[in-house]
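Reproduced below: structure-v8.txt, with compact mmCIF, C-alpha atoms.
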# COMPACT_ATOMS: atom_id res chain seq x y z
CA PHE A 1 3.21 7.17 -2.52
CA PRO A 2 0.01 8.69 -1.11
CA GLU A 3 -1.74 11.51 -2.92
CA LYS A 4 -1.25 14.83 -1.11
CA ARG A 5 -2.31 17.42 -3.70
CA ALA A 6 -5.51 19.15 -2.64
CA PHE A 7 -6.87 19.38 -6.19
CA PHE A 8 -6.80 15.58 -6.53
CA LEU A 9 -7.68 14.75 -2.92
CA ASP A 10 -10.96 16.66 -2.88
CA GLY A 11 -13.72 14.14 -3.63
CA SER A 12 -11.23 11.36 -4.40
CA GLY A 13 -13.48 8.80 -2.70
CA LEU A 14 -16.04 9.25 -5.49
CA PHE A 15 -13.57 7.61 -7.93
CA ALA A 16 -13.35 4.39 -5.85
CA PHE A 17 -13.94 1.19 -7.87
CA ASN A 18 -15.24 -2.13 -6.47
CA GLY A 19 -12.24 -4.14 -7.54
CA GLY A 20 -8.68 -3.48 -6.54
CA PRO A 21 -5.63 -4.74 -4.67
CA LEU A 22 -5.36 -8.40 -3.77
CA ASN A 23 -5.44 -8.46 0.03
CA GLY A 24 -2.34 -10.62 0.34
CA ASP A 25 1.29 -9.62 -0.19
CA LEU A 26 2.36 -11.20 -3.50
CA ASN A 27 2.15 -7.88 -5.38
CA GLY A 28 -1.17 -8.92 -6.88
CA GLY A 29 -4.40 -7.14 -7.66
CA PHE A 30 -4.67 -3.83 -9.50
CA ILE A 31 -5.64 -0.19 -9.10
CA PRO A 32 -7.67 0.96 -12.13
CA PHE A 33 -7.21 4.69 -11.45
CA TYR A 34 -4.73 6.41 -9.14
CA SER A 35 -4.33 10.18 -9.33
CA ARG A 36 -0.60 10.02 -8.51
CA THR A 37 -0.07 8.87 -12.11
CA VAL A 38 -1.15 12.36 -13.25
CA GLY A 39 1.94 14.57 -13.20
CA LEU A 40 4.47 11.74 -13.09
CA ALA A 41 6.12 9.70 -15.86
CA ASP A 42 8.70 7.04 -15.01
CA GLY A 43 9.42 8.86 -11.75
CA GLN A 44 9.89 12.24 -13.43
CA THR A 45 7.75 15.25 -12.60
CA VAL A 46 5.59 16.32 -15.53
CA PRO A 47 4.13 19.87 -15.62
CA ILE A 48 0.35 20.14 -15.38
CA ASP A 49 -0.82 22.95 -17.68
CA ASP A 50 -4.49 22.99 -16.73
CA GLY A 51 -7.15 20.78 -15.25
CA VAL A 52 -10.80 20.67 -14.32
CA LYS A 53 -12.69 18.41 -11.93
CA VAL A 54 -16.36 18.04 -11.07
CA VAL A 55 -17.44 15.87 -8.14
CA GLY A 56 -20.71 15.56 -6.31
CA ARG A 57 -23.89 13.68 -5.52
CA VAL A 58 -27.40 14.17 -6.82
CA GLY A 59 -29.89 11.96 -5.04
CA ASP A 60 -28.79 8.34 -5.49
CA LEU A 61 -26.26 9.23 -8.20
CA SER A 62 -22.63 10.16 -7.50
CA LEU A 63 -20.14 11.34 -10.09
CA GLY A 64 -16.51 12.33 -10.43
CA VAL A 65 -15.07 13.75 -13.66
CA LEU A 66 -11.42 14.77 -14.07
CA ASP A 67 -9.64 16.16 -17.16
CA VAL A 68 -6.02 17.33 -17.12
CA ASP A 69 -3.54 18.54 -19.78
CA THR A 70 0.11 17.78 -19.03
CA GLY A 71 3.12 19.43 -20.66
CA ALA A 72 6.11 17.87 -22.36
CA ILE A 73 9.51 16.99 -20.91
CA PRO A 74 12.44 15.25 -22.64
CA GLY A 75 11.26 11.80 -23.65
CA VAL A 76 7.62 12.40 -22.67
CA ALA A 77 5.12 14.12 -24.98
CA ALA A 78 2.37 16.48 -23.89
CA THR A 79 -0.92 14.65 -23.46
CA ASN A 80 -4.48 14.78 -22.16
CA LEU A 81 -5.57 12.54 -19.27
CA GLY A 82 -9.10 11.97 -18.11
CA ALA A 83 -11.15 9.88 -15.69
CA ALA A 84 -14.88 9.65 -15.06
CA ARG A 85 -16.71 7.67 -12.40
CA PHE A 86 -20.49 7.26 -12.18
CA ALA A 87 -22.22 5.24 -9.46
CA TYR A 88 -25.86 4.64 -8.62
CA ASN A 89 -27.31 3.42 -5.31
CA PRO A 90 -30.80 2.02 -5.89
CA THR A 91 -30.89 1.00 -2.20
CA ASP A 92 -28.78 1.65 0.90
CA GLN A 93 -27.24 -1.81 0.47
CA TRP A 94 -26.48 -1.93 -3.24
CA GLN A 95 -24.35 0.11 -5.63
CA PHE A 96 -23.37 -0.29 -9.24
CA GLY A 97 -21.31 1.96 -11.44
CA THR A 98 -18.75 2.48 -14.14
CA LEU A 99 -15.21 3.88 -14.36
CA LEU A 100 -13.75 5.32 -17.58
CA THR A 101 -10.18 6.56 -18.05
CA HIS A 102 -8.37 7.89 -21.09
CA GLY A 103 -4.75 8.70 -21.83
CA ASP A 104 -1.24 7.50 -20.99
CA PRO A 105 0.98 9.48 -18.55
CA LEU A 106 4.02 8.57 -20.68
CA GLY A 107 2.46 10.43 -23.62
CA GLY A 108 3.54 7.84 -26.16
CA SER A 109 0.20 6.19 -26.84
CA ASP A 110 -3.47 6.27 -25.98
CA GLY A 111 -4.80 4.05 -23.24
CA ASP A 112 -8.46 3.52 -22.43
CA PHE A 113 -10.08 1.72 -19.50
CA VAL A 114 -13.78 0.87 -19.34
CA GLY A 115 -14.95 -0.91 -16.20
CA PHE A 116 -18.26 -1.84 -14.59
CA ASP A 117 -18.65 -2.83 -10.95
CA THR A 118 -21.20 -3.60 -8.29
CA GLY A 119 -21.11 -3.84 -4.51
CA TRP A 120 -23.62 -5.13 -1.97
CA HIS A 121 -23.63 -4.98 1.83
CA THR A 122 -26.00 -6.26 4.46
CA SER A 123 -25.92 -6.34 8.25
CA ASP A 124 -28.89 -8.74 8.47
CA PHE A 125 -27.17 -11.91 7.26
CA LEU A 126 -27.82 -14.88 9.58
CA SER A 127 -29.72 -12.75 12.11
CA GLY A 128 -27.57 -9.65 12.38
CA GLN A 129 -24.23 -10.60 10.76
CA ASN A 130 -22.34 -8.52 8.16
CA LEU A 131 -21.79 -9.74 4.62
CA ASP A 132 -20.14 -7.86 1.73
CA ALA A 133 -19.99 -8.87 -1.92
CA SER A 134 -18.53 -7.09 -4.95
CA ALA A 135 -17.75 -7.90 -8.58
CA TRP A 136 -16.15 -6.12 -11.52
CA VAL A 137 -15.45 -6.52 -15.22
CA ALA A 138 -13.31 -4.26 -17.40
CA ARG A 139 -11.55 -3.89 -20.72
CA THR A 140 -8.60 -1.75 -21.80
CA GLY A 141 -8.10 -0.37 -25.30
CA GLY A 142 -6.45 2.33 -27.34
CA THR A 143 -2.98 1.76 -28.70
CA GLN A 144 -2.28 -1.52 -26.93
CA PRO A 145 -0.31 -4.68 -27.80
CA ALA A 146 -2.17 -7.74 -29.08
CA GLY A 147 -3.54 -10.17 -26.52
CA GLN A 148 -6.35 -10.49 -24.01
CA HIS A 149 -7.55 -7.03 -22.97
CA LYS A 150 -10.24 -8.09 -20.48
CA GLY A 151 -10.27 -8.57 -16.73
CA TRP A 152 -12.86 -9.54 -14.16
CA GLY A 153 -13.16 -10.59 -10.53
CA PHE A 154 -15.25 -10.85 -7.39
CA ASP A 155 -14.85 -10.65 -3.62
CA LEU A 156 -16.99 -12.11 -0.82
CA THR A 157 -16.31 -10.99 2.77
CA TYR A 158 -17.83 -11.99 6.12
CA PRO A 159 -16.45 -9.28 8.50
CA ASN A 160 -17.80 -9.89 12.00
CA ILE A 161 -16.72 -9.77 15.62
CA ASP A 162 -15.93 -13.46 16.09
CA TRP A 163 -15.12 -14.49 12.53
CA TYR A 164 -13.54 -12.75 9.56
CA LEU A 165 -13.77 -14.71 6.29
CA GLU A 166 -12.83 -13.51 2.81
CA GLY A 167 -12.49 -15.06 -0.63
CA GLN A 168 -11.30 -13.17 -3.69
CA TYR A 169 -10.67 -14.13 -7.32
CA ASN A 170 -9.32 -11.93 -10.15
CA VAL A 171 -8.42 -12.62 -13.79
CA PHE A 172 -6.23 -10.23 -15.81
CA GLY A 173 -5.57 -10.63 -19.53
CA ASP A 174 -1.98 -10.54 -20.74
CA ALA A 175 -2.71 -7.24 -22.59
CA PHE A 176 -4.94 -5.77 -19.88
CA ASN A 177 -3.30 -2.41 -19.14
CA PRO A 178 -4.95 0.31 -16.99
CA SER A 179 -2.57 3.10 -18.04
CA LEU A 180 -3.80 5.54 -15.35
CA GLY A 181 -3.47 2.89 -12.64
CA PHE A 182 -1.29 -0.07 -11.72
CA LEU A 183 -1.32 -3.74 -12.69
CA PRO A 184 1.87 -5.40 -11.42
CA ARG A 185 1.17 -8.91 -12.81
CA PRO A 186 -0.86 -9.03 -16.05
CA GLY A 187 -1.72 -12.35 -17.67
CA THR A 188 -2.59 -14.05 -14.37
CA ARG A 189 -5.36 -15.60 -12.31
CA GLN A 190 -5.15 -14.56 -8.67
CA TYR A 191 -6.75 -16.17 -5.61
CA TYR A 192 -6.96 -15.02 -2.01
CA LEU A 193 -8.51 -16.77 0.99
CA GLU A 194 -8.47 -15.55 4.61
CA THR A 195 -10.00 -16.95 7.79
CA ASN A 196 -9.61 -15.47 11.28
CA TYR A 197 -11.25 -16.34 14.56
CA TYR A 198 -11.26 -13.81 17.42
CA TRP A 199 -11.68 -15.02 20.98
CA TYR A 200 -12.60 -12.15 23.32
CA LEU A 201 -12.25 -12.42 27.09
CA PRO A 202 -15.32 -11.20 29.03
CA PRO A 203 -14.79 -7.77 30.67
CA GLU A 204 -15.87 -9.19 34.01
CA ASP A 205 -12.72 -11.36 34.03
CA HIS A 206 -10.67 -8.16 34.51
CA SER A 207 -7.91 -9.70 32.42
CA ALA A 208 -5.10 -7.61 30.96
CA ILE A 209 -5.51 -9.62 27.73
CA GLN A 210 -8.28 -8.32 25.49
CA ASN A 211 -8.46 -11.04 22.84
CA PHE A 212 -6.69 -13.86 21.01
CA THR A 213 -6.66 -14.38 17.25
CA PHE A 214 -6.16 -17.56 15.24
CA GLY A 215 -6.14 -17.58 11.47
CA GLN A 216 -4.58 -18.06 8.08
CA ASN A 217 -4.43 -16.40 4.69
CA TYR A 218 -3.44 -17.91 1.37
CA ASP A 219 -2.40 -16.20 -1.87
CA ARG A 220 -2.03 -17.99 -5.18
CA ILE A 221 -1.11 -16.51 -8.57
CA GLU A 222 -1.16 -18.60 -11.75
CA ASP A 223 -0.63 -17.74 -15.39
CA LEU A 224 -3.61 -18.01 -17.74
CA ALA A 225 -2.65 -21.59 -18.61
CA GLY A 226 -2.94 -22.62 -14.94
CA HIS A 227 0.79 -22.89 -14.16
CA LEU A 228 1.66 -21.77 -10.63
CA GLN A 229 3.82 -18.62 -10.47
CA SER A 230 3.68 -17.68 -6.78
CA SER A 231 1.90 -18.75 -3.63
CA LYS A 232 2.14 -17.93 0.04
CA LEU A 233 0.42 -19.51 3.03
CA ILE A 234 0.58 -17.61 6.33
CA VAL A 235 -0.66 -19.47 9.40
CA THR A 236 -1.15 -17.44 12.56
CA PRO A 237 -1.47 -19.95 15.39
CA PHE A 238 -1.29 -17.32 18.10
CA THR A 239 -1.90 -13.57 18.45
CA PHE A 240 -2.88 -11.73 21.58
CA TYR A 241 -3.80 -8.12 22.30
CA GLU A 242 -3.72 -6.50 25.73
CA ASN A 243 -5.79 -3.55 26.88
CA ASP A 244 -2.74 -1.27 27.04
CA GLY A 245 -1.86 -1.93 23.39
CA THR A 246 0.69 -4.73 23.92
CA TRP A 247 0.61 -7.02 20.90
CA PHE A 248 2.35 -10.31 20.09
CA ASN A 249 1.92 -12.68 17.19
CA VAL A 250 3.51 -15.64 15.42
CA HIS A 251 3.43 -16.22 11.65
CA LEU A 252 4.42 -19.51 10.00
CA ASN A 253 4.99 -19.04 6.27
CA ARG A 254 5.19 -21.45 3.34
CA GLU A 255 6.06 -19.90 -0.03
CA HIS A 256 6.49 -20.99 -3.64
CA GLU A 257 8.14 -19.04 -6.44
CA SER A 258 8.53 -20.17 -10.04
CA LEU A 259 11.26 -18.14 -11.75
CA GLU A 260 11.10 -18.23 -15.54
CA ALA A 261 14.33 -16.21 -15.74
CA PRO A 262 17.26 -15.59 -13.38
CA PHE A 263 16.34 -13.20 -10.55
CA GLN A 264 18.92 -10.63 -9.38
CA VAL A 265 18.07 -10.34 -5.70
CA ASP A 266 21.15 -8.23 -4.92
CA ASN A 267 23.87 -6.49 -6.90
CA ASN A 268 26.17 -9.49 -6.50
CA VAL A 269 23.67 -12.37 -6.16
CA THR A 270 21.48 -13.83 -8.92
CA ILE A 271 19.13 -16.75 -8.27
CA PRO A 272 18.84 -19.21 -11.20
CA ALA A 273 15.52 -19.89 -12.93
CA GLY A 274 13.55 -22.77 -11.44
CA ASP A 275 10.88 -23.72 -8.90
CA TYR A 276 11.50 -22.96 -5.22
CA ASP A 277 9.60 -23.88 -2.05
CA PHE A 278 10.70 -22.42 1.28
CA ASP A 279 9.39 -22.12 4.85
CA SER A 280 10.01 -19.38 7.40
CA TYR A 281 8.65 -17.88 10.60
CA ARG A 282 8.01 -14.35 11.84
CA LEU A 283 7.58 -13.08 15.43
CA GLU A 284 6.37 -9.58 16.28
CA PHE A 285 6.12 -7.95 19.69
CA ILE A 286 4.91 -4.41 20.46
CA THR A 287 5.31 -2.95 23.93
CA PRO A 288 2.37 -0.98 25.43
CA THR A 289 1.33 1.65 22.88
CA ALA A 290 -0.54 3.57 25.60
CA SER A 291 2.81 4.81 26.95
CA SER A 292 4.79 7.72 25.54
CA PHE A 293 7.58 5.38 24.45
CA TYR A 294 7.02 2.01 22.84
CA VAL A 295 8.98 -0.45 20.67
CA ASP A 296 7.88 -2.63 17.75
CA THR A 297 10.23 -5.57 17.20
CA VAL A 298 10.10 -8.17 14.41
CA VAL A 299 12.26 -11.29 14.10
CA GLY A 300 12.01 -13.35 10.93
CA SER A 301 14.08 -16.31 9.80
CA GLY A 302 13.95 -19.37 7.57
CA ALA A 303 14.61 -20.74 4.11
CA PHE A 304 14.93 -18.27 1.24
CA TYR A 305 14.88 -19.77 -2.27
CA ASP A 306 17.73 -22.31 -2.12
CA GLY A 307 19.40 -20.71 0.90
CA HIS A 308 18.60 -19.03 4.21
CA ALA A 309 17.69 -15.46 5.25
CA GLN A 310 17.26 -13.52 8.47
CA ASN A 311 14.93 -10.50 8.29
CA ASP A 312 14.72 -8.44 11.50
CA SER A 313 13.46 -4.95 12.26
CA VAL A 314 12.94 -2.63 15.22
CA GLN A 315 11.00 0.61 15.49
CA PHE A 316 11.21 3.10 18.37
CA ASN A 317 8.31 5.51 18.89
CA TRP A 318 8.51 8.42 21.35
CA ALA A 319 6.14 11.27 22.17
CA ALA A 320 7.09 14.08 24.57
CA LEU A 321 6.21 17.62 25.61
CA ASP A 322 2.52 16.77 25.93
CA GLY A 323 2.46 15.34 22.42
CA LYS A 324 4.09 18.34 20.72
CA LEU A 325 7.18 16.27 19.86
CA GLU A 326 6.87 12.91 18.07
CA MET A 327 9.81 10.86 16.84
CA LEU A 328 10.15 7.53 15.07
CA LEU A 329 13.37 5.60 14.40
CA TYR A 330 13.18 2.46 12.25
CA TYR A 331 15.82 -0.12 11.30
CA GLN A 332 15.51 -3.21 9.11
CA GLY A 333 18.26 -5.69 8.29
CA VAL A 334 18.28 -8.59 5.86
CA PHE A 335 21.08 -11.15 6.07
CA ALA A 336 20.94 -13.81 3.34
CA SER A 337 23.18 -16.78 2.57
CA LEU A 338 22.62 -18.66 -0.70
CA PRO A 339 24.73 -21.02 -2.84
CA GLU A 340 25.03 -18.17 -5.34
CA GLY A 341 26.46 -15.80 -2.72
CA HIS A 342 25.76 -13.79 0.42
CA PHE A 343 24.34 -10.31 0.86
CA VAL A 344 23.38 -7.88 3.60
CA GLN A 345 20.84 -5.07 3.17
CA ARG A 346 20.01 -2.43 5.79
CA LEU A 347 17.45 0.35 5.90
CA TRP A 348 17.36 3.26 8.37
CA GLN A 349 14.51 5.76 8.66
CA PHE A 350 13.92 8.69 10.97
CA ASN A 351 10.74 10.74 11.17
CA GLY A 352 10.33 13.65 13.57
CA THR A 353 7.53 16.18 14.04
CA TYR A 354 7.32 19.18 16.37
CA SER A 355 4.06 21.15 16.69
CA PHE A 356 4.66 24.70 17.89
CA THR A 357 0.89 25.20 17.96
CA PRO A 358 -2.03 23.17 16.59
CA ASP A 359 -1.70 25.29 13.43
CA LEU A 360 2.10 25.36 12.98
CA SER A 361 4.28 22.23 12.71
CA PHE A 362 7.76 21.23 11.54
CA SER A 363 8.57 17.72 10.32
CA SER A 364 11.55 15.91 8.83
CA PHE A 365 11.96 12.47 7.27
CA VAL A 366 15.40 10.93 6.59
CA GLN A 367 16.14 7.59 4.91
CA TYR A 368 19.33 5.66 4.08
CA ASP A 369 19.21 2.40 2.11
CA THR A 370 22.37 0.31 1.78
CA SER A 371 20.99 -1.75 -1.13
CA VAL A 372 21.41 1.33 -3.35
CA ASP A 373 23.71 3.26 -0.98
CA GLN A 374 21.57 6.38 -1.23
CA LEU A 375 20.53 9.00 1.29
CA GLY A 376 17.67 11.48 1.16
CA PHE A 377 15.51 13.64 3.36
CA ASN A 378 12.31 15.68 3.26
CA THR A 379 11.76 18.63 5.59
CA ARG A 380 8.49 20.54 5.79
CA LEU A 381 7.06 23.55 7.63
CA HIS A 382 3.24 23.61 7.60
CA TRP A 383 1.15 26.57 8.71
CA VAL A 384 -2.62 26.33 8.81
CA ILE A 385 -3.61 29.97 8.38
CA LYS A 386 -7.22 28.96 8.94
CA PRO A 387 -9.20 25.88 7.90
CA GLY A 388 -8.93 25.51 4.13
CA ARG A 389 -5.93 27.88 3.88
CA ASP A 390 -2.50 26.27 4.21
CA LEU A 391 1.08 27.39 3.61
CA TYR A 392 3.86 24.82 3.06
CA LEU A 393 7.62 25.32 2.91
CA VAL A 394 9.35 22.11 1.77
CA TRP A 395 13.03 21.24 1.30
CA ASN A 396 13.97 17.93 -0.39
CA ARG A 397 17.54 16.75 -0.74
CA ASN A 398 18.59 13.45 -2.35
CA TRP A 399 22.04 12.16 -3.10
CA ARG A 400 21.88 11.06 -6.75
CA GLN A 401 24.88 8.72 -6.60
CA SER A 402 26.18 6.18 -4.13
CA VAL A 403 26.98 8.10 -0.95
CA LEU A 404 30.11 6.07 -0.16
CA ALA A 405 31.44 6.51 -3.71
CA LEU A 406 31.36 10.31 -3.66
CA ALA A 407 34.67 12.13 -3.72
CA PRO A 408 35.32 14.08 -0.49
CA GLY A 409 33.97 17.60 -0.65
CA VAL A 410 32.07 17.03 -3.91
CA PRO A 411 28.49 16.18 -2.92
CA ASP A 412 26.32 15.15 -5.87
CA VAL A 413 22.91 16.15 -4.59
CA ALA A 414 19.54 17.15 -5.94
CA ASP A 415 17.97 19.99 -3.97
CA THR A 416 14.38 21.14 -4.29
CA VAL A 417 12.74 23.97 -2.36
CA ILE A 418 8.97 24.28 -2.70
CA VAL A 419 6.67 27.01 -1.39
CA LYS A 420 3.01 26.10 -1.73
CA LEU A 421 -0.07 28.08 -0.78
CA ALA A 422 -3.40 26.25 -0.80
CA TRP A 423 -6.36 28.60 -0.52
CA THR A 424 -9.97 27.43 -0.55
CA PHE A 425 -12.59 29.95 -1.62
CA ASN A 426 -16.12 29.42 -0.36
CA PRO A 427 -18.96 31.29 -2.08

So, in terms of structure tokens, how does the structure I just supplied come out?
Amino acid sequence: FPEKRAFFLDGSGLFAFNGGPLNGDLNGGFIPFYSRTVGLADGQTVPIDDGVKVVGRVGDLSLGVLDVDTGAIPGVAATNLGAARFAYNPTDQWQFGTLLTHGDPLGGSDGDFVGFDTGWHTSDFLSGQNLDASAWVARTGGTQPAGQHKGWGFDLTYPNIDWYLEGQYNVFGDAFNPSLGFLPRPGTRQYYLETNYYWYLPPEDHSAIQNFTFGQNYDRIEDLAGHLQSSKLIVTPFTFYENDGTWFNVHLNREHESLEAPFQVDNNVTIPAGDYDFDSYRLEFITPTASSFYVDTVVGSGAFYDGHAQNDSVQFNWAALDGKLEMLLYYQGVFASLPEGHFVQRLWQFNGTYSFTPDLSFSSFVQYDTSVDQLGFNTRLHWVIKPGRDLYLVWNRNWRQSVLALAPGVPDVADTVIVKLAWTFNP
């Protein structure tokens, strides 16, 4: 979830670390510090008793220091959490720095992270081309299990008009644990490679098509002994963009998954341990986004482990009343057939916003997920009194049990009403 609390948002860019998420989609990479971990523990809200933050720049040095005391809730002890980021720019092209964090949001043990990073950028590579390079190394400590506590990695990117090339490599020890961040797959070596070529049509051709794209990206995750856990190759033989926002592309996918234990993919379907290779395709078409109403449609189909799956979605976007009213309706359906069984999962989402004035808006988000049979919504009234002074009235309602299993007339819901006033004082 994105950070929305003003205290943590202000100056958050100064905590950025040159080393982070793997750019593919195998749930790789890591985030060394994410402020959403402060005030949450296993999905539960934890009270924040007090906190202090100092952010700023002095010449070529930038710094961000955060220290917060959180209170106790059942199962989670009170604790102190801290993060400090220092970065130095000896030139306009080069930066190096360090990130330090301390504490564990769960309150059960200490967790320390010490990381060093560097980043370099030039726009003069090969006579005017862009080139970016970054590297990082880190270690976690405190009360941690035995194992390898170190991690390191690098990224090299060539982001230019005609070509986009990127190579990334990360290594995470099996006991590497950034407690104030996220590391989904410890004990792995992770690779990412992307190549894209963009072919632009000259403006004098007066073509409706703006450009074509051809490319591929490849993710690979191994354990520290070199055994393949997951890989995914996405080949994009054809993508075109039109001047009015129309977009169409084709993805051809080849995936590998090595399951060391049975994987419960649905409540009634469990895939046995083993090695699986499967191919699929994905088509996406977006109607002109320059219009007030446009549709984003995705059709995906192919092998899925030792069976077959269809994964389709459609999103309707509509703006009316000179942009005051915006609505989005999204549907995704997964239909899978495997030797172990069949399952269907559906997701519906609705998001609507009405702006009475530029300073006063009303929004509502509703979601229903059949995989857990749960319904919830978030409704918010936002009034900008003046820049830097905001009033929020929020109502959250979530059905805690399966909606279809509830007895008639006995809704089991969790309601929360929040009134928040954010007031910025300028000396």

Of A:Phe240, A:Phe30, A:Tyr354, A:Phe125, the one nearest to A:Pro159 when counting only C-alpha atoms is A:Phe125

Here atom CA of A:Glu222 and atom CA of A:Tyr281 stand apart by 24.4 Å

Using all atoms listed in the file, I'd like a table of the residues in stretch 56-95 of chain A that come within 7 Å of stretch 3-23 of chain A; for each, show the closest atom pair and its distance in Å rounded to one decimal, ordered by chain and ascending number, as a Markdown table.
| residue | atom | partner | partner_atom | distance |
| --- | --- | --- | --- | --- |
| A:Ser62 | CA | A:Leu14 | CA | 6.9 |
| A:Leu63 | CA | A:Leu14 | CA | 6.5 |
| A:Gly64 | CA | A:Leu14 | CA | 5.8 |
| A:Arg85 | CA | A:Phe15 | CA | 5.5 |

The residue from A:Gln310, A:Val366, A:Leu360, A:Gln95 with the smallest atom-to-atom distance to A:Met327, counting all atoms listed in the file, is A:Val366

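Between atom CA of A:Ala77 and atom CA of A:Ala41 the separation is 10.2 Å.
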
re atom CA of A:Phe263 and atom CA of A:Gly307: distance 14.0 Å

Please identify every residue of stretch 221-265 of chain A that has at least one atom no farther than 10 Å from an atom of stretch 191-203 of chain A, counting all atoms listed in the file, and for each give the shortest atom pair and the distance in Å to one decimal, arranged by chain then increasing number, as a Markdown table.
| residue | atom | partner | partner_atom | distance |
| --- | --- | --- | --- | --- |
| A:Ile221 | CA | A:Tyr191 | CA | 6.4 |
| A:Glu222 | CA | A:Tyr191 | CA | 8.7 |
| A:Ser231 | CA | A:Tyr191 | CA | 9.2 |
| A:Lys232 | CA | A:Tyr192 | CA | 9.8 |
| A:Leu233 | CA | A:Leu193 | CA | 9.6 |
| A:Ile234 | CA | A:Glu194 | CA | 9.4 |
| A:Val235 | CA | A:Thr195 | CA | 9.8 |
| A:Thr236 | CA | A:Asn196 | CA | 8.8 |
| A:Thr239 | CA | A:Tyr198 | CA | 9.4 |
| A:Phe240 | CA | A:Trp199 | CA | 9.4 |
| A:Tyr241 | CA | A:Tyr200 | CA | 9.7 |

Those same residues - C-alpha atoms - I'd like them written as a short mmCIF file (atom, residue, chain, number, x, y, z; two decimals), keeping the file's coordinate frame.
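Result saved to selection-v6.cif:
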data_model
loop_
_atom_site.label_atom_id
_atom_site.label_comp_id
_atom_site.auth_asym_id
_atom_site.auth_seq_id
_atom_site.Cartn_x
_atom_site.Cartn_y
_atom_site.Cartn_z
CA ILE A 221 -1.11 -16.51 -8.57
CA GLU A 222 -1.16 -18.60 -11.75
CA SER A 231 1.90 -18.75 -3.63
CA LYS A 232 2.14 -17.93 0.04
CA LEU A 233 0.42 -19.51 3.03
CA ILE A 234 0.58 -17.61 6.33
CA VAL A 235 -0.66 -19.47 9.40
CA THR A 236 -1.15 -17.44 12.56
CA THR A 239 -1.90 -13.57 18.45
CA PHE A 240 -2.88 -11.73 21.58
CA TYR A 241 -3.80 -8.12 22.30
#

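By only C-alpha atoms, and with residues fewer than 2 positions from A:Val58 along its chain excluded, the set lying at most 12 Å from it is Val55, Gly56, Asp60, Leu61, Ser62, Leu63, Gly64, Phe86, Ala87, Tyr88 and Asn89 of chain A.
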
For A:Gln367, the closest of A:Tyr305, A:Tyr392, A:Ala78, A:Asn398 counting all atoms listed in the file is A:Asn398

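Distance check against A:Thr140 using all atoms listed in the file: of A:Pro339, A:Gly103, A:Gly352, A:Pro237, the minimum falls on A:Gly103.
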
### Task
Fewer than 5 positions away in the same chain doesn't count, so skip those; otherwise give me all residues within 12 Å of A:Gly75, counting only C-alpha atoms, as a VMD selection string.
chain A and resid 41 to 42 44 46 105 to 108

| said: When you look at A:Ile418 with a cut-off of 8 Å (counting only C-alpha atoms), what residues show up, excluding the ones that are within fewer than 6 positions of it in the same chain? I need them as a PyMOL selection string. | reply: chain A and resi 392-395

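Remark: for A:Asp279, the closest of the candidate residues A:Gly119, A:Gly215, A:Pro262, A:Gly302 is A:Gly302 (distances computed over only C-alpha atoms).
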